[in-house]
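**Q** Sharing upload.cif, mmCIF, N, CA and C atoms:
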data_model
loop_
_atom_site.label_atom_id
_atom_site.label_comp_id
_atom_site.auth_asym_id
_atom_site.auth_seq_id
_atom_site.Cartn_x
_atom_site.Cartn_y
_atom_site.Cartn_z
N MET A 188 113.48 -219.24 -76.76
CA MET A 188 112.51 -218.93 -75.73
C MET A 188 112.65 -219.97 -74.62
N ASP A 189 112.65 -219.52 -73.42
CA ASP A 189 112.79 -220.38 -72.24
C ASP A 189 111.49 -221.17 -72.02
N ILE A 190 111.62 -222.49 -71.88
CA ILE A 190 110.43 -223.35 -71.71
C ILE A 190 109.70 -223.07 -70.41
N GLY A 191 110.34 -222.39 -69.47
CA GLY A 191 109.70 -222.06 -68.19
C GLY A 191 108.97 -220.73 -68.20
N ASN A 192 109.14 -219.95 -69.25
CA ASN A 192 108.50 -218.64 -69.34
C ASN A 192 107.12 -218.80 -69.97
N LYS A 193 106.17 -219.25 -69.16
CA LYS A 193 104.84 -219.59 -69.69
C LYS A 193 104.09 -218.38 -70.24
N SER A 194 104.30 -217.21 -69.68
CA SER A 194 103.57 -216.05 -70.20
C SER A 194 104.06 -215.70 -71.61
N ARG A 195 105.35 -215.84 -71.86
CA ARG A 195 105.88 -215.58 -73.20
C ARG A 195 105.41 -216.65 -74.19
N ILE A 196 105.40 -217.89 -73.75
CA ILE A 196 104.93 -218.99 -74.61
C ILE A 196 103.44 -218.80 -74.91
N HIS A 197 102.68 -218.44 -73.89
CA HIS A 197 101.25 -218.19 -74.09
C HIS A 197 101.05 -217.11 -75.15
N TRP A 198 101.83 -216.05 -75.07
CA TRP A 198 101.73 -214.98 -76.06
C TRP A 198 102.09 -215.50 -77.46
N ALA A 199 103.10 -216.34 -77.55
CA ALA A 199 103.53 -216.89 -78.85
C ALA A 199 102.47 -217.83 -79.44
N CYS A 200 101.62 -218.40 -78.59
CA CYS A 200 100.56 -219.28 -79.06
C CYS A 200 99.47 -218.51 -79.79
N ARG A 201 99.33 -217.24 -79.50
CA ARG A 201 98.31 -216.40 -80.13
C ARG A 201 98.78 -216.04 -81.52
N ARG A 202 98.17 -216.66 -82.52
CA ARG A 202 98.66 -216.54 -83.88
C ARG A 202 97.90 -215.54 -84.73
N GLY A 203 96.68 -215.22 -84.38
CA GLY A 203 95.89 -214.30 -85.18
C GLY A 203 95.13 -214.98 -86.31
N MET A 204 95.33 -216.25 -86.47
CA MET A 204 94.58 -217.04 -87.44
C MET A 204 93.71 -217.99 -86.62
N ARG A 205 92.40 -217.84 -86.76
CA ARG A 205 91.47 -218.60 -85.90
C ARG A 205 91.76 -220.09 -85.88
N GLU A 206 92.01 -220.67 -87.04
CA GLU A 206 92.26 -222.11 -87.11
C GLU A 206 93.48 -222.51 -86.28
N LEU A 207 94.49 -221.68 -86.28
CA LEU A 207 95.68 -221.98 -85.47
C LEU A 207 95.39 -221.75 -83.99
N ASP A 208 94.69 -220.67 -83.69
CA ASP A 208 94.38 -220.37 -82.29
C ASP A 208 93.57 -221.50 -81.64
N ILE A 209 92.61 -222.07 -82.38
CA ILE A 209 91.78 -223.12 -81.77
C ILE A 209 92.50 -224.47 -81.73
N SER A 210 93.64 -224.57 -82.36
CA SER A 210 94.45 -225.79 -82.26
C SER A 210 95.54 -225.65 -81.20
N ILE A 211 96.22 -224.52 -81.22
CA ILE A 211 97.41 -224.35 -80.38
C ILE A 211 97.06 -223.92 -78.95
N MET A 212 96.14 -222.97 -78.79
CA MET A 212 95.84 -222.45 -77.45
C MET A 212 95.31 -223.52 -76.50
N PRO A 213 94.31 -224.31 -76.90
CA PRO A 213 93.82 -225.34 -75.96
C PRO A 213 94.91 -226.35 -75.60
N PHE A 214 95.74 -226.70 -76.57
CA PHE A 214 96.83 -227.63 -76.28
C PHE A 214 97.75 -227.04 -75.22
N PHE A 215 98.12 -225.78 -75.41
CA PHE A 215 99.00 -225.13 -74.43
C PHE A 215 98.33 -225.08 -73.06
N GLU A 216 97.08 -224.65 -73.02
CA GLU A 216 96.39 -224.47 -71.75
C GLU A 216 96.15 -225.78 -71.00
N HIS A 217 95.90 -226.87 -71.73
CA HIS A 217 95.54 -228.13 -71.09
C HIS A 217 96.68 -229.14 -70.99
N GLU A 218 97.67 -229.03 -71.86
CA GLU A 218 98.67 -230.09 -71.96
C GLU A 218 100.10 -229.67 -71.64
N TYR A 219 100.42 -228.40 -71.79
CA TYR A 219 101.83 -227.98 -71.71
C TYR A 219 102.50 -228.43 -70.42
N ASP A 220 101.84 -228.22 -69.30
CA ASP A 220 102.46 -228.55 -68.01
C ASP A 220 102.80 -230.04 -67.87
N SER A 221 102.08 -230.89 -68.58
CA SER A 221 102.32 -232.34 -68.45
C SER A 221 103.38 -232.85 -69.43
N LEU A 222 103.86 -231.99 -70.32
CA LEU A 222 104.88 -232.41 -71.29
C LEU A 222 106.24 -232.57 -70.63
N SER A 223 107.05 -233.43 -71.19
CA SER A 223 108.45 -233.53 -70.76
C SER A 223 109.17 -232.26 -71.17
N ASP A 224 110.32 -232.00 -70.58
CA ASP A 224 111.10 -230.82 -70.96
C ASP A 224 111.48 -230.87 -72.44
N ALA A 225 111.78 -232.05 -72.95
CA ALA A 225 112.14 -232.19 -74.36
C ALA A 225 110.95 -231.83 -75.25
N ASP A 226 109.75 -232.29 -74.87
CA ASP A 226 108.56 -231.95 -75.65
C ASP A 226 108.21 -230.47 -75.52
N LYS A 227 108.45 -229.89 -74.35
CA LYS A 227 108.23 -228.45 -74.20
C LYS A 227 109.14 -227.68 -75.15
N GLN A 228 110.39 -228.10 -75.24
CA GLN A 228 111.33 -227.44 -76.14
C GLN A 228 110.88 -227.59 -77.59
N THR A 229 110.40 -228.76 -77.95
CA THR A 229 109.90 -228.98 -79.31
C THR A 229 108.67 -228.12 -79.58
N PHE A 230 107.79 -227.99 -78.61
CA PHE A 230 106.61 -227.14 -78.76
C PHE A 230 107.03 -225.69 -79.00
N VAL A 231 107.99 -225.22 -78.25
CA VAL A 231 108.50 -223.86 -78.43
C VAL A 231 109.11 -223.70 -79.82
N ARG A 232 109.85 -224.69 -80.28
CA ARG A 232 110.41 -224.63 -81.64
C ARG A 232 109.30 -224.59 -82.69
N LEU A 233 108.22 -225.35 -82.44
CA LEU A 233 107.09 -225.34 -83.37
C LEU A 233 106.48 -223.94 -83.46
N LEU A 234 106.39 -223.26 -82.33
CA LEU A 234 105.83 -221.91 -82.32
C LEU A 234 106.67 -220.92 -83.11
N GLU A 235 107.91 -221.24 -83.35
CA GLU A 235 108.80 -220.37 -84.12
C GLU A 235 108.61 -220.54 -85.63
N CYS A 236 107.81 -221.50 -86.04
CA CYS A 236 107.55 -221.75 -87.46
C CYS A 236 106.55 -220.73 -87.99
N ASP A 237 106.56 -220.56 -89.29
CA ASP A 237 105.64 -219.63 -89.94
C ASP A 237 104.21 -220.14 -89.89
N ASP A 238 103.27 -219.20 -89.79
CA ASP A 238 101.85 -219.55 -89.71
C ASP A 238 101.37 -220.42 -90.87
N PRO A 239 101.73 -220.11 -92.13
CA PRO A 239 101.26 -220.99 -93.21
C PRO A 239 101.72 -222.44 -93.05
N ASP A 240 102.94 -222.63 -92.58
CA ASP A 240 103.43 -223.99 -92.34
C ASP A 240 102.64 -224.65 -91.22
N LEU A 241 102.46 -223.94 -90.11
CA LEU A 241 101.69 -224.49 -88.99
C LEU A 241 100.28 -224.86 -89.43
N PHE A 242 99.65 -223.97 -90.17
CA PHE A 242 98.30 -224.24 -90.65
C PHE A 242 98.26 -225.52 -91.48
N ASN A 243 99.16 -225.63 -92.45
CA ASN A 243 99.19 -226.82 -93.30
C ASN A 243 99.43 -228.09 -92.50
N TRP A 244 100.35 -228.05 -91.58
CA TRP A 244 100.67 -229.23 -90.78
C TRP A 244 99.49 -229.64 -89.89
N LEU A 245 98.91 -228.67 -89.19
CA LEU A 245 97.83 -228.97 -88.26
C LEU A 245 96.54 -229.37 -88.97
N MET A 246 96.39 -228.97 -90.23
CA MET A 246 95.21 -229.34 -91.01
C MET A 246 95.47 -230.55 -91.92
N ASN A 247 96.58 -231.24 -91.66
CA ASN A 247 96.96 -232.45 -92.39
C ASN A 247 97.21 -232.21 -93.88
N HIS A 248 97.78 -231.07 -94.20
CA HIS A 248 98.18 -230.77 -95.58
C HIS A 248 99.70 -230.81 -95.66
N GLY A 249 100.26 -231.93 -95.25
CA GLY A 249 101.71 -232.08 -95.21
C GLY A 249 102.17 -232.23 -93.77
N SER A 250 103.45 -232.42 -93.63
CA SER A 250 104.02 -232.55 -92.28
C SER A 250 105.43 -231.98 -92.29
N PRO A 251 105.91 -231.59 -91.12
CA PRO A 251 107.26 -231.06 -91.03
C PRO A 251 108.29 -232.14 -91.39
N LYS A 252 109.38 -231.72 -91.98
CA LYS A 252 110.46 -232.66 -92.29
C LYS A 252 111.20 -233.08 -91.03
N ASP A 253 111.23 -232.20 -90.05
CA ASP A 253 111.87 -232.48 -88.76
C ASP A 253 111.00 -233.48 -88.00
N PRO A 254 111.52 -234.67 -87.68
CA PRO A 254 110.70 -235.68 -87.00
C PRO A 254 110.18 -235.24 -85.63
N GLU A 255 110.93 -234.42 -84.91
CA GLU A 255 110.46 -233.94 -83.60
C GLU A 255 109.26 -233.01 -83.77
N LEU A 256 109.33 -232.13 -84.77
CA LEU A 256 108.20 -231.24 -85.03
C LEU A 256 106.99 -232.03 -85.52
N ALA A 257 107.23 -233.04 -86.36
CA ALA A 257 106.14 -233.89 -86.84
C ALA A 257 105.47 -234.60 -85.67
N HIS A 258 106.27 -235.07 -84.72
CA HIS A 258 105.73 -235.71 -83.52
C HIS A 258 104.86 -234.73 -82.73
N MET A 259 105.32 -233.50 -82.59
CA MET A 259 104.57 -232.50 -81.82
C MET A 259 103.26 -232.16 -82.52
N VAL A 260 103.27 -232.04 -83.83
CA VAL A 260 102.03 -231.78 -84.57
C VAL A 260 101.03 -232.90 -84.31
N LYS A 261 101.48 -234.14 -84.41
CA LYS A 261 100.60 -235.29 -84.15
C LYS A 261 100.08 -235.28 -82.71
N LEU A 262 100.96 -234.93 -81.78
CA LEU A 262 100.56 -234.88 -80.38
C LEU A 262 99.48 -233.81 -80.16
N ILE A 263 99.64 -232.66 -80.77
CA ILE A 263 98.64 -231.59 -80.66
C ILE A 263 97.31 -232.08 -81.24
N GLN A 264 97.36 -232.66 -82.43
CA GLN A 264 96.14 -233.14 -83.07
C GLN A 264 95.44 -234.20 -82.22
N THR A 265 96.20 -235.15 -81.72
CA THR A 265 95.64 -236.25 -80.93
C THR A 265 95.05 -235.76 -79.62
N ARG A 266 95.81 -234.98 -78.89
CA ARG A 266 95.32 -234.51 -77.58
C ARG A 266 94.11 -233.61 -77.73
N ASN A 267 94.10 -232.75 -78.75
CA ASN A 267 92.94 -231.89 -78.97
C ASN A 267 91.71 -232.73 -79.33
N LYS A 268 91.92 -233.74 -80.17
CA LYS A 268 90.81 -234.62 -80.56
C LYS A 268 90.28 -235.38 -79.34
N ASP A 269 91.18 -235.88 -78.51
CA ASP A 269 90.77 -236.63 -77.32
C ASP A 269 89.96 -235.77 -76.34
N ARG A 270 90.31 -234.50 -76.24
CA ARG A 270 89.59 -233.60 -75.34
C ARG A 270 88.22 -233.23 -75.90
N GLY A 271 88.10 -233.18 -77.21
CA GLY A 271 86.83 -232.86 -77.85
C GLY A 271 86.59 -231.36 -77.97
N PRO A 272 85.56 -230.98 -78.70
CA PRO A 272 85.32 -229.57 -79.00
C PRO A 272 84.90 -228.73 -77.80
N MET A 273 84.41 -229.35 -76.75
CA MET A 273 83.96 -228.58 -75.59
C MET A 273 85.13 -227.99 -74.81
N ALA A 274 86.34 -228.47 -75.04
CA ALA A 274 87.50 -227.98 -74.30
C ALA A 274 87.99 -226.65 -74.85
N LEU A 275 87.51 -226.25 -75.99
CA LEU A 275 87.95 -224.99 -76.58
C LEU A 275 87.49 -223.86 -75.72
#
Could I get this structure in the form of structure tokens?

**A**
Amino acid sequence: MDIGNKSRIHWACRRGMRELDISIMPFFEHEYDSLSDADKQTFVRLLECDDPDLFNWLMNHGSPKDPELAHMVKLIQTRNKDRGPMAL
């Protein structure tokens, strides 16, 4: 997926699992544009992962073996926490 195709990435962020939607969508909406191209590519790769894996990683029930994906999970968690619940 092309990192510049924001409408396609936005669609890929919609997971159908509420817990994932409230983690991934706000991050995309508030943070994506400020990411480096390398981080955007990593975010897109993360979206290609299976929902059960994403859920476990974002809920701190394990972490990806890929260090870049692990970094992106931590970045999503940190930025969402810093923004607080009102940003949802």

**Q** For the atom pair atom N of A:Thr265 and atom N of A:Met188, what is the interatomic distance in Å to one decimal place?

**A**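 Atom N of A:Met188 lies at a distance of 24.0 Å from atom N of A:Thr265.
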
**Q** Under the PyMOL selection byres (((chain A and resi 231 and name CA) around 12) and name CA), which residues of this model are included? Write them out as a VMD selection string.

**A** chain A and resid 188 to 193 195 to 200 211 215 219 222 224 to 230 232 to 236 255 to 256 259 to 260

**Q** Using atom CA of A:Asp208 and atom C of A:Phe242 as the two end points, give the distance in Å to one decimal.

**A** 11.2 Å

**Q** Just give me the gap between atom CA of A:Ala257 and atom CA of A:Trp244 in Å, one decimal is fine.

**A**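 A separation of 8.2 Å between them.
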
**Q** Ranking A:Asp269, A:Asp253, A:Asp238, A:Asp220 by minimum distance to A:Arg205 and counting only C-alpha atoms, which one comes first?

**A**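 Of A:Asp269, A:Asp253, A:Asp238, A:Asp220, the one nearest A:Arg205, counting only C-alpha atoms, is A:Asp238.
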
**Q** Just asking: which residues within chain A are helix (DSSP H, G or I) according to DSSP, as a VMD selection string?

**A** chain A and resid 193 to 200 205 to 221 224 to 234 238 to 245 254 to 270 272 to 274

**Q** For A:Glu218, list every protein, DNA or RNA residue within 9 Å, evaluated using only C-alpha atoms, and leave out those in the same chain fewer than 4 positions away; present the list as a PyMOL selection string.

**A** chain A and resi 213-214+222+263+266

**Q** Could you tell me which residues the PyMOL selection byres (((chain A and resi 245-248 and name CA) around 8) and name CA) grabs in this file, written as a list in words?

**A**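 With the PyMOL selection byres (((chain A and resi 245-248 and name CA) around 8) and name CA) on this model, the match is Leu207, Ser210, Leu241, Phe242, Asn243, Trp244, Gly249, Ser250, Val260 and Gln264 of chain A.
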
**Q** Mind rebuilding stretch 215-235 of chain A with N, CA, C and O atoms and writing that out as a PDB file, in the frame of the given file?

**A**
ATOM      1  N   PHE A 215      98.120-225.780 -75.410  1.00  0.00           N
ATOM      2  CA  PHE A 215      99.000-225.130 -74.430  1.00  0.00           C
ATOM      3  C   PHE A 215      98.330-225.080 -73.060  1.00  0.00           C
ATOM      4  O   PHE A 215      98.938-225.444 -72.053  1.00  0.00           O
ATOM      5  N   GLU A 216      97.080-224.650 -73.020  1.00  0.00           N
ATOM      6  CA  GLU A 216      96.390-224.470 -71.750  1.00  0.00           C
ATOM      7  C   GLU A 216      96.150-225.780 -71.000  1.00  0.00           C
ATOM      8  O   GLU A 216      96.218-225.812 -69.779  1.00  0.00           O
ATOM      9  N   HIS A 217      95.900-226.870 -71.730  1.00  0.00           N
ATOM     10  CA  HIS A 217      95.540-228.130 -71.090  1.00  0.00           C
ATOM     11  C   HIS A 217      96.680-229.140 -70.990  1.00  0.00           C
ATOM     12  O   HIS A 217      96.630-230.032 -70.148  1.00  0.00           O
ATOM     13  N   GLU A 218      97.670-229.030 -71.860  1.00  0.00           N
ATOM     14  CA  GLU A 218      98.670-230.090 -71.960  1.00  0.00           C
ATOM     15  C   GLU A 218     100.100-229.670 -71.640  1.00  0.00           C
ATOM     16  O   GLU A 218     100.917-230.510 -71.291  1.00  0.00           O
ATOM     17  N   TYR A 219     100.420-228.400 -71.790  1.00  0.00           N
ATOM     18  CA  TYR A 219     101.830-227.980 -71.710  1.00  0.00           C
ATOM     19  C   TYR A 219     102.500-228.430 -70.420  1.00  0.00           C
ATOM     20  O   TYR A 219     103.605-228.954 -70.455  1.00  0.00           O
ATOM     21  N   ASP A 220     101.840-228.220 -69.300  1.00  0.00           N
ATOM     22  CA  ASP A 220     102.460-228.550 -68.010  1.00  0.00           C
ATOM     23  C   ASP A 220     102.800-230.040 -67.870  1.00  0.00           C
ATOM     24  O   ASP A 220     103.710-230.396 -67.134  1.00  0.00           O
ATOM     25  N   SER A 221     102.080-230.890 -68.580  1.00  0.00           N
ATOM     26  CA  SER A 221     102.320-232.340 -68.450  1.00  0.00           C
ATOM     27  C   SER A 221     103.380-232.850 -69.430  1.00  0.00           C
ATOM     28  O   SER A 221     103.749-234.019 -69.375  1.00  0.00           O
ATOM     29  N   LEU A 222     103.860-231.990 -70.320  1.00  0.00           N
ATOM     30  CA  LEU A 222     104.880-232.410 -71.290  1.00  0.00           C
ATOM     31  C   LEU A 222     106.240-232.570 -70.630  1.00  0.00           C
ATOM     32  O   LEU A 222     106.544-231.890 -69.637  1.00  0.00           O
ATOM     33  N   SER A 223     107.050-233.430 -71.190  1.00  0.00           N
ATOM     34  CA  SER A 223     108.450-233.530 -70.760  1.00  0.00           C
ATOM     35  C   SER A 223     109.170-232.260 -71.170  1.00  0.00           C
ATOM     36  O   SER A 223     108.701-231.512 -72.044  1.00  0.00           O
ATOM     37  N   ASP A 224     110.320-232.000 -70.580  1.00  0.00           N
ATOM     38  CA  ASP A 224     111.100-230.820 -70.960  1.00  0.00           C
ATOM     39  C   ASP A 224     111.480-230.870 -72.440  1.00  0.00           C
ATOM     40  O   ASP A 224     111.472-229.839 -73.122  1.00  0.00           O
ATOM     41  N   ALA A 225     111.780-232.050 -72.950  1.00  0.00           N
ATOM     42  CA  ALA A 225     112.140-232.190 -74.360  1.00  0.00           C
ATOM     43  C   ALA A 225     110.950-231.830 -75.250  1.00  0.00           C
ATOM     44  O   ALA A 225     111.101-231.127 -76.256  1.00  0.00           O
ATOM     45  N   ASP A 226     109.750-232.290 -74.870  1.00  0.00           N
ATOM     46  CA  ASP A 226     108.560-231.950 -75.650  1.00  0.00           C
ATOM     47  C   ASP A 226     108.210-230.470 -75.520  1.00  0.00           C
ATOM     48  O   ASP A 226     107.743-229.857 -76.477  1.00  0.00           O
ATOM     49  N   LYS A 227     108.450-229.890 -74.350  1.00  0.00           N
ATOM     50  CA  LYS A 227     108.230-228.450 -74.200  1.00  0.00           C
ATOM     51  C   LYS A 227     109.140-227.680 -75.150  1.00  0.00           C
ATOM     52  O   LYS A 227     108.721-226.716 -75.795  1.00  0.00           O
ATOM     53  N   GLN A 228     110.390-228.100 -75.240  1.00  0.00           N
ATOM     54  CA  GLN A 228     111.330-227.440 -76.140  1.00  0.00           C
ATOM     55  C   GLN A 228     110.880-227.590 -77.590  1.00  0.00           C
ATOM     56  O   GLN A 228     110.975-226.650 -78.382  1.00  0.00           O
ATOM     57  N   THR A 229     110.400-228.760 -77.950  1.00  0.00           N
ATOM     58  CA  THR A 229     109.900-228.980 -79.310  1.00  0.00           C
ATOM     59  C   THR A 229     108.670-228.120 -79.580  1.00  0.00           C
ATOM     60  O   THR A 229     108.552-227.540 -80.666  1.00  0.00           O
ATOM     61  N   PHE A 230     107.790-227.990 -78.610  1.00  0.00           N
ATOM     62  CA  PHE A 230     106.610-227.140 -78.760  1.00  0.00           C
ATOM     63  C   PHE A 230     107.030-225.690 -79.000  1.00  0.00           C
ATOM     64  O   PHE A 230     106.495-225.014 -79.895  1.00  0.00           O
ATOM     65  N   VAL A 231     107.990-225.220 -78.250  1.00  0.00           N
ATOM     66  CA  VAL A 231     108.500-223.860 -78.430  1.00  0.00           C
ATOM     67  C   VAL A 231     109.110-223.700 -79.820  1.00  0.00           C
ATOM     68  O   VAL A 231     108.885-222.686 -80.490  1.00  0.00           O
ATOM     69  N   ARG A 232     109.850-224.690 -80.280  1.00  0.00           N
ATOM     70  CA  ARG A 232     110.410-224.630 -81.640  1.00  0.00           C
ATOM     71  C   ARG A 232     109.300-224.590 -82.690  1.00  0.00           C
ATOM     72  O   ARG A 232     109.399-223.875 -83.682  1.00  0.00           O
ATOM     73  N   LEU A 233     108.220-225.350 -82.440  1.00  0.00           N
ATOM     74  CA  LEU A 233     107.090-225.340 -83.370  1.00  0.00           C
ATOM     75  C   LEU A 233     106.480-223.940 -83.460  1.00  0.00           C
ATOM     76  O   LEU A 233     106.112-223.485 -84.535  1.00  0.00           O
ATOM     77  N   LEU A 234     106.390-223.260 -82.330  1.00  0.00           N
ATOM     78  CA  LEU A 234     105.830-221.910 -82.320  1.00  0.00           C
ATOM     79  C   LEU A 234     106.670-220.920 -83.110  1.00  0.00           C
ATOM     80  O   LEU A 234     106.172-219.862 -83.509  1.00  0.00           O
ATOM     81  N   GLU A 235     107.910-221.240 -83.350  1.00  0.00           N
ATOM     82  CA  GLU A 235     108.800-220.370 -84.120  1.00  0.00           C
ATOM     83  C   GLU A 235     108.610-220.540 -85.630  1.00  0.00           C
ATOM     84  O   GLU A 235     109.166-219.779 -86.413  1.00  0.00           O
TER      85      GLU A 235
END
